[in-house]
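Visitor: This structure is in structure tokens; I'll ask about it shortly.
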Amino acid sequence: MAIDVLNPSPPTFQRRVGMDQVPPHVPKELVHSAGITFGPDFLAAPHAFMAAMHEKFPPLFYDVSPFGNAWTAIKHEDALHILRNAEVFSNEGATPFPRDPDDYFYFIPQEIEPPQHRKYRMIVDSMFSPQGVAGLETQMRQLANELIDKVIDKGECDFTEAFGRPFPVTIFLRLMGLPVDMTDTFVEWAVALLHSNDRAIMAETLKTISVYLKSAIAEKQANPDDGVVSRIAHAEIDGRPMSDKEIFGFVAFLFIGGLDTVFATLNNIWLWMAENPDRRAEINADPENINAQVEELLRVHSVTFSGRTVTRDFELRGVQLKAGDKITCLLPACNFDPDVFPNPTVVDFHRPKKIVLAFTVGVHSCMGAHLARLETKVAMQEWLKRIPDFAVKPDTKIVYRPGGVVGPHHLPLVW
Ligand code: HEM
């Protein structure tokens with residue numbers, strides 16, 4: 001299944017959907033329809049649902065879904081094994097976004113395997129490294145306070161609109177060198193792509209995003225600046241300029257990966273803080289422990305998954321996987337594995353250090369992880385300093401968005 005980056009072609013393995021397409025090698029007792037990302041039980045309380053999966057589902061089962069069937073791994077140990085073994089568990093075709101087979105491109109670095117993968121990451125590594133993102137801390141604190149200024153005297157806000165969205169999206173767009181005044185349009189596109197669960201809408205949205213990003217890339221090629229898009233547009237790989245499709249596939253994946261994930265994470269954490277005043281006070285009373293607090297909150301509120309394709313027949317947990325099967329590491333469920341995190345649903349800011357799988361592990365571990373951690377830390381520190389007591393507005397029904405990035409739709413707060 002080796003891919004040729006300069007001649008992108010769609011994966012040859014079959015995309016299986018629904019009960020009619022369960023392959024014969026899957027044992028009947030391992031077939032489930034868990035409704036992950038869309039079912040009513042999942043959407044009622046996604047993280048509680050994924051925590052409870054350890055009692056209700058086998059550790060490795062075959063999930064049948066209208067959005068694509070896949071083996072589903074919920075044990076932390078299995079996820080580490082899968083995610084660290086890119087040769088057997090490949091990222092080719094792992095991204096669910098539909099593309100024109102006649103004008104195919106790869107999402108970079110997400111769909112590229114070692115050794116090429118590293119060459120792409122090196123192009124922007126310095127901008128996303130701990131040192132690189134530390135340079136953004138001052139503007140992050142300033143932006144957080146500007147957003148708080150706008151609402152603090154009102155005594156209420158929709159957190160998602162007032163802070164959860166504009167805070168990370170503004171920082172991300174500035175870093176990319178894309179216009180901040182297009183935030184609403186970009187977010188609309190990201191939401192249509194990540195949360196519609198409708199492949200026709202996803203395909204149409206991807207086309208719209210493509211038209212915009214291609215013109216933005218052309219603009220950066222003509223007028224270079226310090227942003228990530230410009231850096232990618234002018235980068236060389238193996239001593240040659242990158243092709244148009246490589247540049248586009250790289251910028252497009254960053255655009256998709258960076259717009260919605262921190263947003264969902266902040267919404268989840270603020271909902272938890274609003275509902276747990278004593279624990280919020282504990283955070284405020286122990287400022288030295290902020291990094292462990294962020295990590296523990298990322299553990300119980302992780303928002304996305306790692307999908308892979310099995311490249312050759314392989315046995316896992318006594319189960320026979322076949323080449324071409326899809327497999328998803330359900331990272332939020334893995335983060336509730338009681339064998340690794342005892343009393344997994346309890347938020348414990350003094351847990352022994354273990355690998356939290358919010359950003360995955362292995363070659364494809366999240367490129368934005370340092371940025372996302374710093375944003376979460378700064379947002380918590382600045383908000384709690386000025387609005388230490390807040391609650392969910394009475395009579396609010398929290399509704400979760402369907403799709404592969406888990407978080408509430410709106411979060412009305414009062415203080
Ligand atoms: C809390 C926020 C975030 C979470 C929870 C998150 C989570 C993840 C996860 C789980 C993966 C691995 C996907 C897989 O295994 O298939 C990933 C990959 C990636 N993420 Fe993030 N992400 C976040 C924020 C960001 C941001 C802000 C950016 C961009 C600035 C970003 C860029 C990327 C990229 C480029 C990859 C692909 C890395 C590769 O394949 O080498 N992420 N992210």
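Chain labels A, B, ... are given in the sequence in which chains occur in the structure tokens; within each chain residues are numbered consecutively from 1, and ligands are likewise numbered from 1 in the order shown.
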Which residues are near ligand 1 - at most 6 Å, using only C-alpha atoms and all ligand atoms? Format: as a PDB file with N, CA and C atoms, in the first residue's frame.
Guide:
```pdb
ATOM      1  N   PRO A 109       0.430  16.151   7.224  1.00  0.00           N
ATOM      2  CA  PRO A 109       1.201  14.902   7.277  1.00  0.00           C
ATOM      3  C   PRO A 109       0.364  13.681   7.643  1.00  0.00           C
ATOM      4  N   GLN A 110      -0.930  13.886   7.846  1.00  0.00           N
ATOM      5  CA  GLN A 110      -1.793  12.858   8.417  1.00  0.00           C
ATOM      6  C   GLN A 110      -1.778  11.537   7.644  1.00  0.00           C
ATOM      7  N   LEU A 254      -4.051  21.138   8.153  1.00  0.00           N
ATOM      8  CA  LEU A 254      -3.864  22.021   9.310  1.00  0.00           C
ATOM      9  C   LEU A 254      -5.133  22.826   9.575  1.00  0.00           C
ATOM     10  N   GLY A 257      -7.599  20.453  11.097  1.00  0.00           N
ATOM     11  CA  GLY A 257      -7.195  19.974  12.436  1.00  0.00           C
ATOM     12  C   GLY A 257      -7.145  21.073  13.469  1.00  0.00           C
ATOM     13  N   GLY A 258      -6.910  22.311  13.021  1.00  0.00           N
ATOM     14  CA  GLY A 258      -6.646  23.368  13.998  1.00  0.00           C
ATOM     15  C   GLY A 258      -7.837  24.216  14.384  1.00  0.00           C
ATOM     16  N   THR A 261     -10.749  21.774  17.238  1.00  0.00           N
ATOM     17  CA  THR A 261     -10.377  20.858  18.313  1.00  0.00           C
ATOM     18  C   THR A 261     -10.173  21.556  19.664  1.00  0.00           C
ATOM     19  N   VAL A 262      -9.456  22.686  19.652  1.00  0.00           N
ATOM     20  CA  VAL A 262      -9.240  23.389  20.934  1.00  0.00           C
ATOM     21  C   VAL A 262     -10.578  23.973  21.406  1.00  0.00           C
ATOM     22  N   THR A 265     -12.460  21.330  23.101  1.00  0.00           N
ATOM     23  CA  THR A 265     -11.801  21.016  24.370  1.00  0.00           C
ATOM     24  C   THR A 265     -12.151  22.061  25.432  1.00  0.00           C
ATOM     25  N   SER A 302     -11.049  14.367  26.308  1.00  0.00           N
ATOM     26  CA  SER A 302     -10.407  14.340  24.994  1.00  0.00           C
ATOM     27  C   SER A 302     -11.494  14.233  23.913  1.00  0.00           C
ATOM     28  N   VAL A 303     -11.210  14.788  22.747  1.00  0.00           N
ATOM     29  CA  VAL A 303     -12.286  15.083  21.813  1.00  0.00           C
ATOM     30  C   VAL A 303     -12.275  14.304  20.505  1.00  0.00           C
ATOM     31  N   THR A 304     -11.177  13.560  20.233  1.00  0.00           N
ATOM     32  CA  THR A 304     -11.173  12.928  18.912  1.00  0.00           C
ATOM     33  C   THR A 304     -10.474  11.568  18.916  1.00  0.00           C
ATOM     34  N   PHE A 305     -10.417  10.931  17.772  1.00  0.00           N
ATOM     35  CA  PHE A 305     -10.040   9.518  17.659  1.00  0.00           C
ATOM     36  C   PHE A 305      -8.898   9.338  16.652  1.00  0.00           C
ATOM     37  N   SER A 306      -8.305   8.153  16.645  1.00  0.00           N
ATOM     38  CA  SER A 306      -7.275   7.829  15.649  1.00  0.00           C
ATOM     39  C   SER A 306      -7.753   6.664  14.800  1.00  0.00           C
ATOM     40  N   GLY A 307      -7.994   6.915  13.527  1.00  0.00           N
ATOM     41  CA  GLY A 307      -8.420   5.845  12.622  1.00  0.00           C
ATOM     42  C   GLY A 307      -7.236   5.333  11.812  1.00  0.00           C
ATOM     43  N   ALA A 358      -5.007  12.020  24.543  1.00  0.00           N
ATOM     44  CA  ALA A 358      -5.797  13.069  23.867  1.00  0.00           C
ATOM     45  C   ALA A 358      -5.215  13.437  22.505  1.00  0.00           C
ATOM     46  N   PHE A 359      -3.897  13.473  22.412  1.00  0.00           N
ATOM     47  CA  PHE A 359      -3.233  13.924  21.174  1.00  0.00           C
ATOM     48  C   PHE A 359      -2.635  12.750  20.400  1.00  0.00           C
ATOM     49  N   THR A 360      -3.002  11.572  20.736  1.00  0.00           N
ATOM     50  CA  THR A 360      -2.485  10.304  20.212  1.00  0.00           C
ATOM     51  C   THR A 360      -0.962  10.176  20.486  1.00  0.00           C
ATOM     52  N   VAL A 363       4.062   8.244  15.394  1.00  0.00           N
ATOM     53  CA  VAL A 363       4.516   9.220  14.394  1.00  0.00           C
ATOM     54  C   VAL A 363       3.473  10.297  14.115  1.00  0.00           C
ATOM     55  N   HIS A 364       2.207   9.955  14.245  1.00  0.00           N
ATOM     56  CA  HIS A 364       1.171  10.934  13.901  1.00  0.00           C
ATOM     57  C   HIS A 364       0.646  11.705  15.100  1.00  0.00           C
ATOM     58  N   SER A 365       1.421  11.730  16.176  1.00  0.00           N
ATOM     59  CA  SER A 365       0.944  12.471  17.345  1.00  0.00           C
ATOM     60  C   SER A 365       0.737  13.931  16.940  1.00  0.00           C
ATOM     61  N   CYS A 366      -0.244  14.549  17.575  1.00  0.00           N
ATOM     62  CA  CYS A 366      -0.747  15.854  17.133  1.00  0.00           C
ATOM     63  C   CYS A 366       0.359  16.900  17.041  1.00  0.00           C
ATOM     64  N   MET A 367       0.393  17.544  15.887  1.00  0.00           N
ATOM     65  CA  MET A 367       1.381  18.598  15.679  1.00  0.00           C
ATOM     66  C   MET A 367       1.033  19.852  16.479  1.00  0.00           C
ATOM     67  N   GLY A 368      -0.257  20.034  16.783  1.00  0.00           N
ATOM     68  CA  GLY A 368      -0.696  21.229  17.509  1.00  0.00           C
ATOM     69  C   GLY A 368      -0.770  21.027  19.020  1.00  0.00           C
ATOM     70  N   ALA A 369      -0.212  19.905  19.527  1.00  0.00           N
ATOM     71  CA  ALA A 369      -0.410  19.577  20.941  1.00  0.00           C
ATOM     72  C   ALA A 369       0.164  20.635  21.896  1.00  0.00           C
ATOM     73  N   ALA A 372      -2.068  23.658  21.732  1.00  0.00           N
ATOM     74  CA  ALA A 372      -3.365  23.411  22.385  1.00  0.00           C
ATOM     75  C   ALA A 372      -3.228  23.387  23.909  1.00  0.00           C
TER      76      ALA A 372
END
```
Visitor: Taking only residues of range 231-338 of chain A that have an atom at most 10 Å from an atom of range 24-36 of chain A, what is each one's shortest atom pair and its distance in Å to one decimal, using only C-alpha atoms, in chain and number order, as CSV?
Guide:
```
residue,atom,partner,partner_atom,distance
A:Val319,CA,A:Val26,CA,8.4
A:Gln320,CA,A:His25,CA,7.4
A:Leu321,CA,A:His25,CA,7.9
A:Lys322,CA,A:His25,CA,7.8
A:Leu330,CA,A:Ile36,CA,9.3
```
Visitor: Where does DSSP see alpha helix (DSSP H) in range 25-234 of chain A, if you list the residues as a count of residues only?
Guide: 112
Visitor: I'd like the neighbourhood of Pro8 in chain A as a list of chain:residue names, where a residue qualifies if any of its atoms comes within 9 Å (using only C-alpha atoms), though same-chain residues fewer than 5 positions away should be ignored.
Guide: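 In the requested format, the answer is A:Ile3, A:Asp103, A:Tyr104, A:Phe105, A:Tyr106, A:Lys245.
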Visitor: Any idea what's packed within 10 Å of Asp238 in chain A, counting only C-alpha atoms, ignoring anything in its chain fewer than 4 positions away? Could you give it as a list of chain:residue names?
Guide: A:Gln116, A:Lys119, A:Met242
Visitor: Selected residues, C-alpha atoms, written as an mmCIF file, in the first residue's frame, please.
Guide:
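Printed below is out-v4.cif as written:
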```
data_model
loop_
_atom_site.group_PDB
_atom_site.id
_atom_site.type_symbol
_atom_site.label_atom_id
_atom_site.label_comp_id
_atom_site.auth_asym_id
_atom_site.auth_seq_id
_atom_site.Cartn_x
_atom_site.Cartn_y
_atom_site.Cartn_z
ATOM 1 C CA GLN A 116 8.569 10.734 4.241
ATOM 2 C CA LYS A 119 10.298 15.549 6.191
ATOM 3 C CA MET A 242 6.644 20.915 -3.105
#
```
Visitor: Would you give me, as JSON lines, each residue of range 28-70 of chain A having an atom within 9 Å of an atom of range 400-413 of chain A, along with its shortest atom pair and that distance in Å to one decimal, using only C-alpha atoms and sorting by chain and residue number?
Guide:
```
{"residue": "A:Ile36", "atom": "CA", "partner": "A:Gly403", "partner_atom": "CA", "distance": 8.6}
{"residue": "A:Thr37", "atom": "CA", "partner": "A:Gly403", "partner_atom": "CA", "distance": 5.0}
{"residue": "A:Phe38", "atom": "CA", "partner": "A:Pro402", "partner_atom": "CA", "distance": 5.1}
{"residue": "A:Gly39", "atom": "CA", "partner": "A:Pro402", "partner_atom": "CA", "distance": 8.4}
{"residue": "A:Leu43", "atom": "CA", "partner": "A:Tyr400", "partner_atom": "CA", "distance": 5.6}
{"residue": "A:Ala44", "atom": "CA", "partner": "A:Tyr400", "partner_atom": "CA", "distance": 7.2}
{"residue": "A:Ala45", "atom": "CA", "partner": "A:Tyr400", "partner_atom": "CA", "distance": 7.7}
{"residue": "A:Pro46", "atom": "CA", "partner": "A:Val406", "partner_atom": "CA", "distance": 7.3}
{"residue": "A:His47", "atom": "CA", "partner": "A:Val406", "partner_atom": "CA", "distance": 8.6}
```
Visitor: Only N, CA and C atoms, please: the residues just picked out, written as a JSON list (two decimals), in the first residue's frame.
Guide:
```
[["chain", "number", "residue", "atom", "x", "y", "z"],
["A", 36, "ILE", "N", -21.38, 5.46, 18.07],
["A", 36, "ILE", "CA", -20.34, 6.44, 18.43],
["A", 36, "ILE", "C", -20.40, 7.63, 17.47],
["A", 37, "THR", "N", -20.38, 8.78, 18.02],
["A", 37, "THR", "CA", -20.46, 10.11, 17.37],
["A", 37, "THR", "C", -21.86, 10.54, 16.95],
["A", 38, "PHE", "N", -22.85, 9.62, 16.92],
["A", 38, "PHE", "CA", -24.17, 10.07, 16.43],
["A", 38, "PHE", "C", -25.36, 9.50, 17.20],
["A", 39, "GLY", "N", -25.22, 8.39, 17.90],
["A", 39, "GLY", "CA", -26.37, 7.75, 18.55],
["A", 39, "GLY", "C", -26.90, 8.59, 19.72],
["A", 43, "LEU", "N", -24.75, 10.86, 22.32],
["A", 43, "LEU", "CA", -24.87, 12.32, 22.31],
["A", 43, "LEU", "C", -25.44, 12.87, 23.63],
["A", 44, "ALA", "N", -26.12, 12.02, 24.40],
["A", 44, "ALA", "CA", -26.67, 12.50, 25.69],
["A", 44, "ALA", "C", -25.53, 12.89, 26.63],
["A", 45, "ALA", "N", -24.43, 12.15, 26.59],
["A", 45, "ALA", "CA", -23.28, 12.43, 27.47],
["A", 45, "ALA", "C", -22.09, 11.65, 26.94],
["A", 46, "PRO", "N", -21.41, 12.19, 25.91],
["A", 46, "PRO", "CA", -20.41, 11.40, 25.18],
["A", 46, "PRO", "C", -19.29, 10.83, 26.06],
["A", 47, "HIS", "N", -18.76, 11.63, 26.99],
["A", 47, "HIS", "CA", -17.63, 11.13, 27.77],
["A", 47, "HIS", "C", -18.08, 10.07, 28.77]]
```
Visitor: Using only C-alpha atoms, which of the listed residues (A:Val187, A:Val124, A:Ala281, A:Ala94) sits closest to Ala70 in chain A?
Guide: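 Ranking A:Val187, A:Val124, A:Ala281, A:Ala94 by distance to Ala70 in chain A, first place goes to A:Ala94.
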Visitor: Please identify which residues in range 78-163 of chain A DSSP calls strand (DSSP E) from the backbone, and express them as a ChimeraX atom specification.
Guide: /A:89-90,156-158
Visitor: Please produce an output containing C-alpha atoms for each residue in the selection, written as a JSON list (two decimals), in the first residue's frame.
Guide:
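File produced: part20.json:
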```
[["chain", "number", "residue", "atom", "x", "y", "z"],
["A", 89, "PHE", "CA", -1.71, 0.16, 11.12],
["A", 90, "SER", "CA", -1.42, 2.69, 8.35],
["A", 156, "GLU", "CA", -23.41, 36.10, 31.50],
["A", 157, "CYS", "CA", -22.36, 34.88, 28.06],
["A", 158, "ASP", "CA", -22.54, 31.98, 25.70]]
```
Visitor: Let me make sure I understand: among A:Arg373, A:Arg351, A:Arg386, A:Arg308, which one has the smallest atom-to-atom distance to Ile82 in chain A if we use only C-alpha atoms?
Guide: A:Arg308
